[in-house]
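S.K.: Sharing model-v8.cif (mmCIF, N, CA and C atoms, pLDDT in the B column; chains and numbers go by the auth columns) below.
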```
data_final
loop_
_atom_site.group_PDB
_atom_site.id
_atom_site.type_symbol
_atom_site.label_atom_id
_atom_site.label_comp_id
_atom_site.label_asym_id
_atom_site.label_seq_id
_atom_site.Cartn_x
_atom_site.Cartn_y
_atom_site.Cartn_z
_atom_site.B_iso_or_equiv
_atom_site.auth_seq_id
_atom_site.auth_asym_id
ATOM 1 N N MET A 1 -4.854 13.598 -2.063 54.00 26 A
ATOM 2 C CA MET A 1 -4.082 12.616 -2.796 54.00 26 A
ATOM 3 C C MET A 1 -4.722 12.414 -4.163 54.00 26 A
ATOM 4 N N THR A 2 -3.893 12.266 -5.170 62.00 27 A
ATOM 5 C CA THR A 2 -4.364 12.001 -6.517 62.00 27 A
ATOM 6 C C THR A 2 -5.130 10.684 -6.530 62.00 27 A
ATOM 7 N N ALA A 3 -6.166 10.646 -7.305 87.00 28 A
ATOM 8 C CA ALA A 3 -6.984 9.438 -7.386 87.00 28 A
ATOM 9 C C ALA A 3 -6.144 8.263 -7.900 87.00 28 A
ATOM 10 N N LEU A 4 -6.190 7.197 -7.146 95.00 29 A
ATOM 11 C CA LEU A 4 -5.492 5.975 -7.535 95.00 29 A
ATOM 12 C C LEU A 4 -6.538 4.927 -7.895 95.00 29 A
ATOM 13 N N PRO A 5 -6.169 3.975 -8.738 96.00 30 A
ATOM 14 C CA PRO A 5 -7.110 2.900 -9.049 96.00 30 A
ATOM 15 C C PRO A 5 -7.482 2.127 -7.777 96.00 30 A
ATOM 16 N N THR A 6 -8.685 1.601 -7.738 96.00 31 A
ATOM 17 C CA THR A 6 -9.112 0.829 -6.569 96.00 31 A
ATOM 18 C C THR A 6 -8.237 -0.400 -6.361 96.00 31 A
ATOM 19 N N SER A 7 -7.551 -0.840 -7.402 97.00 32 A
ATOM 20 C CA SER A 7 -6.669 -2.004 -7.269 97.00 32 A
ATOM 21 C C SER A 7 -5.527 -1.735 -6.299 97.00 32 A
ATOM 22 N N VAL A 8 -5.157 -0.472 -6.133 98.00 33 A
ATOM 23 C CA VAL A 8 -4.086 -0.141 -5.177 98.00 33 A
ATOM 24 C C VAL A 8 -4.543 -0.467 -3.760 98.00 33 A
ATOM 25 N N ASP A 9 -5.741 -0.035 -3.411 97.00 34 A
ATOM 26 C CA ASP A 9 -6.261 -0.349 -2.070 97.00 34 A
ATOM 27 C C ASP A 9 -6.355 -1.854 -1.873 97.00 34 A
ATOM 28 N N ARG A 10 -6.879 -2.556 -2.860 97.00 35 A
ATOM 29 C CA ARG A 10 -7.022 -4.009 -2.744 97.00 35 A
ATOM 30 C C ARG A 10 -5.659 -4.667 -2.571 97.00 35 A
ATOM 31 N N SER A 11 -4.653 -4.199 -3.316 97.00 36 A
ATOM 32 C CA SER A 11 -3.306 -4.754 -3.192 97.00 36 A
ATOM 33 C C SER A 11 -2.722 -4.474 -1.816 97.00 36 A
ATOM 34 N N ILE A 12 -2.948 -3.273 -1.306 97.00 37 A
ATOM 35 C CA ILE A 12 -2.451 -2.936 0.029 97.00 37 A
ATOM 36 C C ILE A 12 -3.117 -3.836 1.068 97.00 37 A
ATOM 37 N N LEU A 13 -4.414 -3.978 1.000 97.00 38 A
ATOM 38 C CA LEU A 13 -5.133 -4.807 1.966 97.00 38 A
ATOM 39 C C LEU A 13 -4.731 -6.275 1.874 97.00 38 A
ATOM 40 N N ASP A 14 -4.387 -6.739 0.672 95.00 39 A
ATOM 41 C CA ASP A 14 -3.993 -8.133 0.463 95.00 39 A
ATOM 42 C C ASP A 14 -2.491 -8.370 0.643 95.00 39 A
ATOM 43 N N ARG A 15 -1.775 -7.347 1.084 95.00 40 A
ATOM 44 C CA ARG A 15 -0.319 -7.410 1.307 95.00 40 A
ATOM 45 C C ARG A 15 0.450 -7.680 0.014 95.00 40 A
ATOM 46 N N ARG A 16 -0.071 -7.209 -1.084 95.00 41 A
ATOM 47 C CA ARG A 16 0.600 -7.334 -2.381 95.00 41 A
ATOM 48 C C ARG A 16 1.337 -6.024 -2.643 95.00 41 A
ATOM 49 N N ILE A 17 2.364 -5.815 -1.864 96.00 42 A
ATOM 50 C CA ILE A 17 3.085 -4.543 -1.822 96.00 42 A
ATOM 51 C C ILE A 17 3.691 -4.191 -3.168 96.00 42 A
ATOM 52 N N VAL A 18 4.365 -5.138 -3.809 96.00 43 A
ATOM 53 C CA VAL A 18 5.025 -4.864 -5.085 96.00 43 A
ATOM 54 C C VAL A 18 3.995 -4.466 -6.149 96.00 43 A
ATOM 55 N N PHE A 19 2.857 -5.156 -6.188 97.00 44 A
ATOM 56 C CA PHE A 19 1.819 -4.807 -7.161 97.00 44 A
ATOM 57 C C PHE A 19 1.274 -3.405 -6.904 97.00 44 A
ATOM 58 N N ALA A 20 1.072 -3.060 -5.642 98.00 45 A
ATOM 59 C CA ALA A 20 0.589 -1.721 -5.308 98.00 45 A
ATOM 60 C C ALA A 20 1.601 -0.665 -5.743 98.00 45 A
ATOM 61 N N LEU A 21 2.871 -0.899 -5.448 97.00 46 A
ATOM 62 C CA LEU A 21 3.921 0.051 -5.828 97.00 46 A
ATOM 63 C C LEU A 21 4.014 0.200 -7.344 97.00 46 A
ATOM 64 N N LYS A 22 3.932 -0.905 -8.055 97.00 47 A
ATOM 65 C CA LYS A 22 3.993 -0.862 -9.519 97.00 47 A
ATOM 66 C C LYS A 22 2.827 -0.054 -10.088 97.00 47 A
ATOM 67 N N THR A 23 1.642 -0.272 -9.564 98.00 48 A
ATOM 68 C CA THR A 23 0.470 0.454 -10.052 98.00 48 A
ATOM 69 C C THR A 23 0.589 1.943 -9.747 98.00 48 A
ATOM 70 N N ILE A 24 1.029 2.288 -8.551 98.00 49 A
ATOM 71 C CA ILE A 24 1.232 3.701 -8.188 98.00 49 A
ATOM 72 C C ILE A 24 2.253 4.334 -9.118 98.00 49 A
ATOM 73 N N HIS A 25 3.363 3.655 -9.313 97.00 50 A
ATOM 74 C CA HIS A 25 4.443 4.150 -10.176 97.00 50 A
ATOM 75 C C HIS A 25 3.936 4.403 -11.598 97.00 50 A
ATOM 76 N N GLU A 26 3.194 3.455 -12.141 97.00 51 A
ATOM 77 C CA GLU A 26 2.689 3.593 -13.509 97.00 51 A
ATOM 78 C C GLU A 26 1.582 4.638 -13.617 97.00 51 A
ATOM 79 N N THR A 27 0.706 4.700 -12.627 97.00 52 A
ATOM 80 C CA THR A 27 -0.420 5.632 -12.661 97.00 52 A
ATOM 81 C C THR A 27 0.043 7.078 -12.529 97.00 52 A
ATOM 82 N N LEU A 28 0.948 7.307 -11.583 96.00 53 A
ATOM 83 C CA LEU A 28 1.388 8.676 -11.314 96.00 53 A
ATOM 84 C C LEU A 28 2.606 9.088 -12.135 96.00 53 A
ATOM 85 N N GLY A 29 3.275 8.119 -12.756 96.00 54 A
ATOM 86 C CA GLY A 29 4.478 8.437 -13.521 96.00 54 A
ATOM 87 C C GLY A 29 5.593 8.956 -12.628 96.00 54 A
ATOM 88 N N CYS A 30 5.652 8.430 -11.429 96.00 55 A
ATOM 89 C CA CYS A 30 6.641 8.901 -10.453 96.00 55 A
ATOM 90 C C CYS A 30 7.763 7.887 -10.303 96.00 55 A
ATOM 91 N N THR A 31 8.779 8.253 -9.529 97.00 56 A
ATOM 92 C CA THR A 31 9.872 7.334 -9.247 97.00 56 A
ATOM 93 C C THR A 31 9.395 6.276 -8.253 97.00 56 A
ATOM 94 N N ILE A 32 10.166 5.231 -8.126 96.00 57 A
ATOM 95 C CA ILE A 32 9.842 4.188 -7.150 96.00 57 A
ATOM 96 C C ILE A 32 9.876 4.765 -5.739 96.00 57 A
ATOM 97 N N HIS A 33 10.841 5.618 -5.458 96.00 58 A
ATOM 98 C CA HIS A 33 10.914 6.239 -4.125 96.00 58 A
ATOM 99 C C HIS A 33 9.663 7.067 -3.828 96.00 58 A
ATOM 100 N N GLU A 34 9.192 7.803 -4.823 97.00 59 A
ATOM 101 C CA GLU A 34 7.952 8.567 -4.643 97.00 59 A
ATOM 102 C C GLU A 34 6.752 7.628 -4.483 97.00 59 A
ATOM 103 N N ALA A 35 6.756 6.534 -5.235 97.00 60 A
ATOM 104 C CA ALA A 35 5.675 5.556 -5.114 97.00 60 A
ATOM 105 C C ALA A 35 5.641 4.958 -3.708 97.00 60 A
ATOM 106 N N ILE A 36 6.798 4.732 -3.128 96.00 61 A
ATOM 107 C CA ILE A 36 6.862 4.214 -1.757 96.00 61 A
ATOM 108 C C ILE A 36 6.251 5.219 -0.789 96.00 61 A
ATOM 109 N N ASP A 37 6.520 6.494 -0.999 97.00 62 A
ATOM 110 C CA ASP A 37 5.939 7.532 -0.139 97.00 62 A
ATOM 111 C C ASP A 37 4.414 7.579 -0.282 97.00 62 A
ATOM 112 N N VAL A 38 3.931 7.480 -1.510 97.00 63 A
ATOM 113 C CA VAL A 38 2.482 7.480 -1.752 97.00 63 A
ATOM 114 C C VAL A 38 1.865 6.234 -1.125 97.00 63 A
ATOM 115 N N PHE A 39 2.520 5.098 -1.297 97.00 64 A
ATOM 116 C CA PHE A 39 2.048 3.846 -0.699 97.00 64 A
ATOM 117 C C PHE A 39 1.932 3.999 0.818 97.00 64 A
ATOM 118 N N ALA A 40 2.970 4.535 1.441 96.00 65 A
ATOM 119 C CA ALA A 40 2.975 4.690 2.902 96.00 65 A
ATOM 120 C C ALA A 40 1.826 5.574 3.368 96.00 65 A
ATOM 121 N N ALA A 41 1.579 6.652 2.638 97.00 66 A
ATOM 122 C CA ALA A 41 0.485 7.546 3.007 97.00 66 A
ATOM 123 C C ALA A 41 -0.865 6.847 2.858 97.00 66 A
ATOM 124 N N ARG A 42 -1.038 6.128 1.755 97.00 67 A
ATOM 125 C CA ARG A 42 -2.309 5.426 1.536 97.00 67 A
ATOM 126 C C ARG A 42 -2.489 4.298 2.544 97.00 67 A
ATOM 127 N N TYR A 43 -1.416 3.601 2.865 97.00 68 A
ATOM 128 C CA TYR A 43 -1.459 2.538 3.878 97.00 68 A
ATOM 129 C C TYR A 43 -1.956 3.106 5.211 97.00 68 A
ATOM 130 N N GLU A 44 -1.407 4.241 5.614 97.00 69 A
ATOM 131 C CA GLU A 44 -1.814 4.861 6.880 97.00 69 A
ATOM 132 C C GLU A 44 -3.289 5.272 6.848 97.00 69 A
ATOM 133 N N GLU A 45 -3.733 5.805 5.715 97.00 70 A
ATOM 134 C CA GLU A 45 -5.152 6.175 5.580 97.00 70 A
ATOM 135 C C GLU A 45 -6.043 4.951 5.720 97.00 70 A
ATOM 136 N N LEU A 46 -5.664 3.870 5.051 97.00 71 A
ATOM 137 C CA LEU A 46 -6.468 2.649 5.126 97.00 71 A
ATOM 138 C C LEU A 46 -6.464 2.065 6.536 97.00 71 A
ATOM 139 N N ARG A 47 -5.320 2.088 7.196 97.00 72 A
ATOM 140 C CA ARG A 47 -5.240 1.591 8.580 97.00 72 A
ATOM 141 C C ARG A 47 -6.168 2.393 9.486 97.00 72 A
ATOM 142 N N ARG A 48 -6.219 3.688 9.255 97.00 73 A
ATOM 143 C CA ARG A 48 -7.061 4.556 10.073 97.00 73 A
ATOM 144 C C ARG A 48 -8.546 4.353 9.747 97.00 73 A
ATOM 145 N N ASP A 49 -8.879 4.324 8.456 96.00 74 A
ATOM 146 C CA ASP A 49 -10.274 4.320 8.030 96.00 74 A
ATOM 147 C C ASP A 49 -10.900 2.932 7.901 96.00 74 A
ATOM 148 N N ARG A 50 -10.081 1.921 7.673 96.00 75 A
ATOM 149 C CA ARG A 50 -10.607 0.566 7.438 96.00 75 A
ATOM 150 C C ARG A 50 -9.791 -0.492 8.184 96.00 75 A
ATOM 151 N N PRO A 51 -9.587 -0.331 9.469 95.00 76 A
ATOM 152 C CA PRO A 51 -8.703 -1.253 10.205 95.00 76 A
ATOM 153 C C PRO A 51 -9.162 -2.708 10.163 95.00 76 A
ATOM 154 N N ASP A 52 -10.446 -2.944 10.085 95.00 77 A
ATOM 155 C CA ASP A 52 -10.946 -4.320 10.076 95.00 77 A
ATOM 156 C C ASP A 52 -10.706 -5.050 8.759 95.00 77 A
ATOM 157 N N ASP A 53 -10.319 -4.317 7.724 95.00 78 A
ATOM 158 C CA ASP A 53 -10.048 -4.945 6.429 95.00 78 A
ATOM 159 C C ASP A 53 -8.648 -5.547 6.342 95.00 78 A
ATOM 160 N N PHE A 54 -7.803 -5.270 7.326 94.00 79 A
ATOM 161 C CA PHE A 54 -6.455 -5.832 7.348 94.00 79 A
ATOM 162 C C PHE A 54 -6.472 -7.183 8.049 94.00 79 A
ATOM 163 N N THR A 55 -5.664 -8.105 7.543 89.00 80 A
ATOM 164 C CA THR A 55 -5.625 -9.455 8.117 89.00 80 A
ATOM 165 C C THR A 55 -4.458 -9.660 9.067 89.00 80 A
ATOM 166 N N VAL A 56 -3.528 -8.705 9.111 89.00 81 A
ATOM 167 C CA VAL A 56 -2.383 -8.808 10.014 89.00 81 A
ATOM 168 C C VAL A 56 -2.186 -7.489 10.753 89.00 81 A
ATOM 169 N N ALA A 57 -1.504 -7.572 11.875 90.00 82 A
ATOM 170 C CA ALA A 57 -1.200 -6.382 12.671 90.00 82 A
ATOM 171 C C ALA A 57 -0.167 -5.519 11.945 90.00 82 A
ATOM 172 N N PRO A 58 -0.119 -4.229 12.271 90.00 83 A
ATOM 173 C CA PRO A 58 0.831 -3.330 11.598 90.00 83 A
ATOM 174 C C PRO A 58 2.288 -3.804 11.687 90.00 83 A
ATOM 175 N N GLU A 59 2.682 -4.357 12.821 88.00 84 A
ATOM 176 C CA GLU A 59 4.080 -4.782 12.968 88.00 84 A
ATOM 177 C C GLU A 59 4.418 -6.005 12.120 88.00 84 A
ATOM 178 N N GLU A 60 3.422 -6.726 11.633 90.00 85 A
ATOM 179 C CA GLU A 60 3.656 -7.882 10.776 90.00 85 A
ATOM 180 C C GLU A 60 3.501 -7.555 9.294 90.00 85 A
ATOM 181 N N TYR A 61 2.861 -6.441 8.980 91.00 86 A
ATOM 182 C CA TYR A 61 2.451 -6.146 7.612 91.00 86 A
ATOM 183 C C TYR A 61 3.596 -6.232 6.598 91.00 86 A
ATOM 184 N N GLY A 62 4.666 -5.529 6.813 85.00 87 A
ATOM 185 C CA GLY A 62 5.746 -5.466 5.820 85.00 87 A
ATOM 186 C C GLY A 62 6.861 -6.465 6.057 85.00 87 A
ATOM 187 N N ARG A 63 6.647 -7.389 6.960 85.00 88 A
ATOM 188 C CA ARG A 63 7.694 -8.374 7.273 85.00 88 A
ATOM 189 C C ARG A 63 8.126 -9.096 6.004 85.00 88 A
ATOM 190 N N GLY A 64 9.428 -9.109 5.757 78.00 89 A
ATOM 191 C CA GLY A 64 9.981 -9.771 4.583 78.00 89 A
ATOM 192 C C GLY A 64 10.072 -8.881 3.354 78.00 89 A
ATOM 193 N N PHE A 65 9.569 -7.662 3.440 77.00 90 A
ATOM 194 C CA PHE A 65 9.663 -6.725 2.317 77.00 90 A
ATOM 195 C C PHE A 65 10.728 -5.692 2.638 77.00 90 A
ATOM 196 N N TYR A 66 11.704 -5.571 1.749 73.00 91 A
ATOM 197 C CA TYR A 66 12.786 -4.622 1.963 73.00 91 A
ATOM 198 C C TYR A 66 12.860 -3.694 0.762 73.00 91 A
ATOM 199 N N SER A 67 12.869 -2.389 1.021 69.00 92 A
ATOM 200 C CA SER A 67 12.922 -1.445 -0.083 69.00 92 A
ATOM 201 C C SER A 67 14.183 -0.621 -0.024 69.00 92 A
#
```
What's the structure tokens form of this structure?
M.R.:
Amino acid sequence: MTALPTSVDRSILDRRIVFALKTIHETLGCTIHEAIDVFAARYEELRRDRPDDFTVAPEEYGRGFYS
């Protein structure tokens, strides 16, 4: 995966989904749909590698966010 700013990980962990997507979109110069795909991949990596850094369960994470 292309190097993303550390703020993306922090936004993902803090459930700041829109901020993470905006940063991915601006950093990579990709479409929003592509940014969502990158976000999903990074989210899965973080869930696997840093599960204790999340404050909510996976089924609650995106509640209320519709893309």
S.K.: Need the shell around Leu71 (chain A): protein/DNA/RNA residues with any atom at most 10 Å away, counting only C-alpha atoms. Skip same-chain ones fewer than 6 positions apart. Format as a list in words?
M.R.: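 With the cut-off at 10 Å, the set is Asp34, Ile37, Leu38, Ala65, Asp77, Asp78 and Phe79 of chain A.
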S.K.: For the residues in that selection, give me N, CA and C atoms as a compact mmCIF listing (two decimals), in the coordinates of the input.
M.R.:
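part.txt was written with the following content:
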```txt
# COMPACT_ATOMS: atom_id res chain seq x y z
N ASP A 34 -5.74 -0.04 -3.41
CA ASP A 34 -6.26 -0.35 -2.07
C ASP A 34 -6.36 -1.85 -1.87
N ILE A 37 -2.95 -3.27 -1.31
CA ILE A 37 -2.45 -2.94 0.03
C ILE A 37 -3.12 -3.84 1.07
N LEU A 38 -4.41 -3.98 1.00
CA LEU A 38 -5.13 -4.81 1.97
C LEU A 38 -4.73 -6.28 1.87
N ALA A 65 2.97 4.54 1.44
CA ALA A 65 2.98 4.69 2.90
C ALA A 65 1.83 5.57 3.37
N ASP A 77 -10.45 -2.94 10.09
CA ASP A 77 -10.95 -4.32 10.08
C ASP A 77 -10.71 -5.05 8.76
N ASP A 78 -10.32 -4.32 7.72
CA ASP A 78 -10.05 -4.94 6.43
C ASP A 78 -8.65 -5.55 6.34
N PHE A 79 -7.80 -5.27 7.33
CA PHE A 79 -6.46 -5.83 7.35
C PHE A 79 -6.47 -7.18 8.05
```
S.K.: Evaluate the PyMOL selection byres ((chain A and resi 29) around 8) and record the selected residues as number ranges by chain, following the chain and residue labels used in the document.
M.R.: A: 26-28, 30-34, 48-49, 52-53
S.K.: Give me every helix (DSSP H, G or I) residue in chain A, going by DSSP on the backbone, as a PyMOL selection string.
M.R.: chain A and resi 31-38+42-53+57-74+76-78+83-86
S.K.: Expressed in Å to a single decimal, how great is the separation between CA of Thr56 (chain A) and CA of Glu85 (chain A)?
M.R.: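 Going from CA of Thr56 (chain A) over to CA of Glu85 (chain A), I get 25.9 Å.
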S.K.: For a test of reading the model, state the distance in Å between CA of Ala45 (chain A) and CA of Asp62 (chain A), rounded to one decimal.
M.R.: 11.9 Å
S.K.: For CA of His50 (chain A) and CA of Ala82 (chain A), quote the distance in Å rounded to one decimal.
M.R.: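 Atom-to-atom, CA of His50 (chain A) and CA of Ala82 (chain A) are spaced 25.8 Å apart.
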S.K.: Considering all atoms listed in the file, return as a ChimeraX atom specification whatever protein or nucleic-acid residues lie within 8 Å of Phe64 (chain A), sequence-local ones (same chain, fewer than 5 positions apart) excluded.
M.R.: /A:45-46,49,58-59,69-70
S.K.: Please fill the gaps in region 78-89 of chain A so it has all heavy atoms, and write that as a tab-separated table (two decimals), in the coordinates of the input.
M.R.:
```tsv
chain	number	residue	atom	x	y	z
A	78	ASP	N	-10.32	-4.32	7.72
A	78	ASP	CA	-10.05	-4.94	6.43
A	78	ASP	C	-8.65	-5.55	6.34
A	78	ASP	O	-8.34	-6.26	5.39
A	78	ASP	CB	-10.23	-3.93	5.30
A	78	ASP	CG	-11.70	-3.56	5.08
A	78	ASP	OD1	-12.58	-4.31	5.55
A	78	ASP	OD2	-11.95	-2.52	4.46
A	79	PHE	N	-7.80	-5.27	7.33
A	79	PHE	CA	-6.46	-5.83	7.35
A	79	PHE	C	-6.47	-7.18	8.05
A	79	PHE	O	-7.18	-7.37	9.03
A	79	PHE	CB	-5.48	-4.89	8.06
A	79	PHE	CG	-5.10	-3.69	7.23
A	79	PHE	CD1	-5.88	-2.55	7.25
A	79	PHE	CD2	-3.98	-3.71	6.43
A	79	PHE	CE1	-5.55	-1.44	6.48
A	79	PHE	CE2	-3.64	-2.61	5.66
A	79	PHE	CZ	-4.42	-1.48	5.68
A	80	THR	N	-5.66	-8.10	7.54
A	80	THR	CA	-5.62	-9.46	8.12
A	80	THR	C	-4.46	-9.66	9.07
A	80	THR	O	-4.39	-10.69	9.73
A	80	THR	CB	-5.56	-10.52	7.00
A	80	THR	OG1	-4.40	-10.28	6.19
A	80	THR	CG2	-6.81	-10.47	6.13
A	81	VAL	N	-3.53	-8.70	9.11
A	81	VAL	CA	-2.38	-8.81	10.01
A	81	VAL	C	-2.19	-7.49	10.75
A	81	VAL	O	-2.62	-6.43	10.29
A	81	VAL	CB	-1.08	-9.18	9.28
A	81	VAL	CG1	-1.17	-10.54	8.63
A	81	VAL	CG2	-0.71	-8.14	8.25
A	82	ALA	N	-1.50	-7.57	11.88
A	82	ALA	CA	-1.20	-6.38	12.67
A	82	ALA	C	-0.17	-5.52	11.94
A	82	ALA	O	0.60	-6.02	11.11
A	82	ALA	CB	-0.67	-6.80	14.03
A	83	PRO	N	-0.12	-4.23	12.27
A	83	PRO	CA	0.83	-3.33	11.60
A	83	PRO	C	2.29	-3.80	11.69
A	83	PRO	O	3.03	-3.68	10.71
A	83	PRO	CB	0.65	-2.00	12.33
A	83	PRO	CG	-0.71	-2.05	12.89
A	83	PRO	CD	-0.98	-3.50	13.20
A	84	GLU	N	2.68	-4.36	12.82
A	84	GLU	CA	4.08	-4.78	12.97
A	84	GLU	C	4.42	-6.00	12.12
A	84	GLU	O	5.59	-6.29	11.88
A	84	GLU	CB	4.44	-5.03	14.43
A	84	GLU	CG	3.56	-6.00	15.16
A	84	GLU	CD	2.28	-5.38	15.72
A	84	GLU	OE1	2.09	-4.15	15.67
A	84	GLU	OE2	1.47	-6.15	16.22
A	85	GLU	N	3.42	-6.73	11.63
A	85	GLU	CA	3.66	-7.88	10.78
A	85	GLU	C	3.50	-7.56	9.29
A	85	GLU	O	3.95	-8.33	8.44
A	85	GLU	CB	2.66	-9.00	11.11
A	85	GLU	CG	2.82	-9.59	12.47
A	85	GLU	CD	1.75	-10.65	12.74
A	85	GLU	OE1	1.52	-11.47	11.83
A	85	GLU	OE2	1.17	-10.63	13.83
A	86	TYR	N	2.86	-6.44	8.98
A	86	TYR	CA	2.45	-6.15	7.61
A	86	TYR	C	3.60	-6.23	6.60
A	86	TYR	O	3.51	-6.92	5.60
A	86	TYR	CB	1.78	-4.77	7.52
A	86	TYR	CG	1.30	-4.48	6.11
A	86	TYR	CD1	0.09	-4.96	5.67
A	86	TYR	CD2	2.08	-3.74	5.24
A	86	TYR	CE1	-0.35	-4.73	4.38
A	86	TYR	CE2	1.66	-3.51	3.94
A	86	TYR	CZ	0.46	-3.99	3.52
A	86	TYR	OH	0.02	-3.77	2.24
A	87	GLY	N	4.67	-5.53	6.81
A	87	GLY	CA	5.75	-5.47	5.82
A	87	GLY	C	6.86	-6.46	6.06
A	87	GLY	O	7.89	-6.41	5.39
A	88	ARG	N	6.65	-7.39	6.96
A	88	ARG	CA	7.69	-8.37	7.27
A	88	ARG	C	8.13	-9.10	6.00
A	88	ARG	O	7.32	-9.60	5.24
A	88	ARG	CB	7.17	-9.38	8.30
A	88	ARG	CG	8.28	-10.28	8.81
A	88	ARG	CD	7.83	-11.08	9.99
A	88	ARG	NE	7.71	-10.15	11.11
A	88	ARG	CZ	7.06	-10.41	12.22
A	88	ARG	NH1	6.47	-11.57	12.37
A	88	ARG	NH2	6.99	-9.52	13.19
A	89	GLY	N	9.43	-9.11	5.76
A	89	GLY	CA	9.98	-9.77	4.58
A	89	GLY	C	10.07	-8.88	3.35
A	89	GLY	O	10.60	-9.29	2.33
```
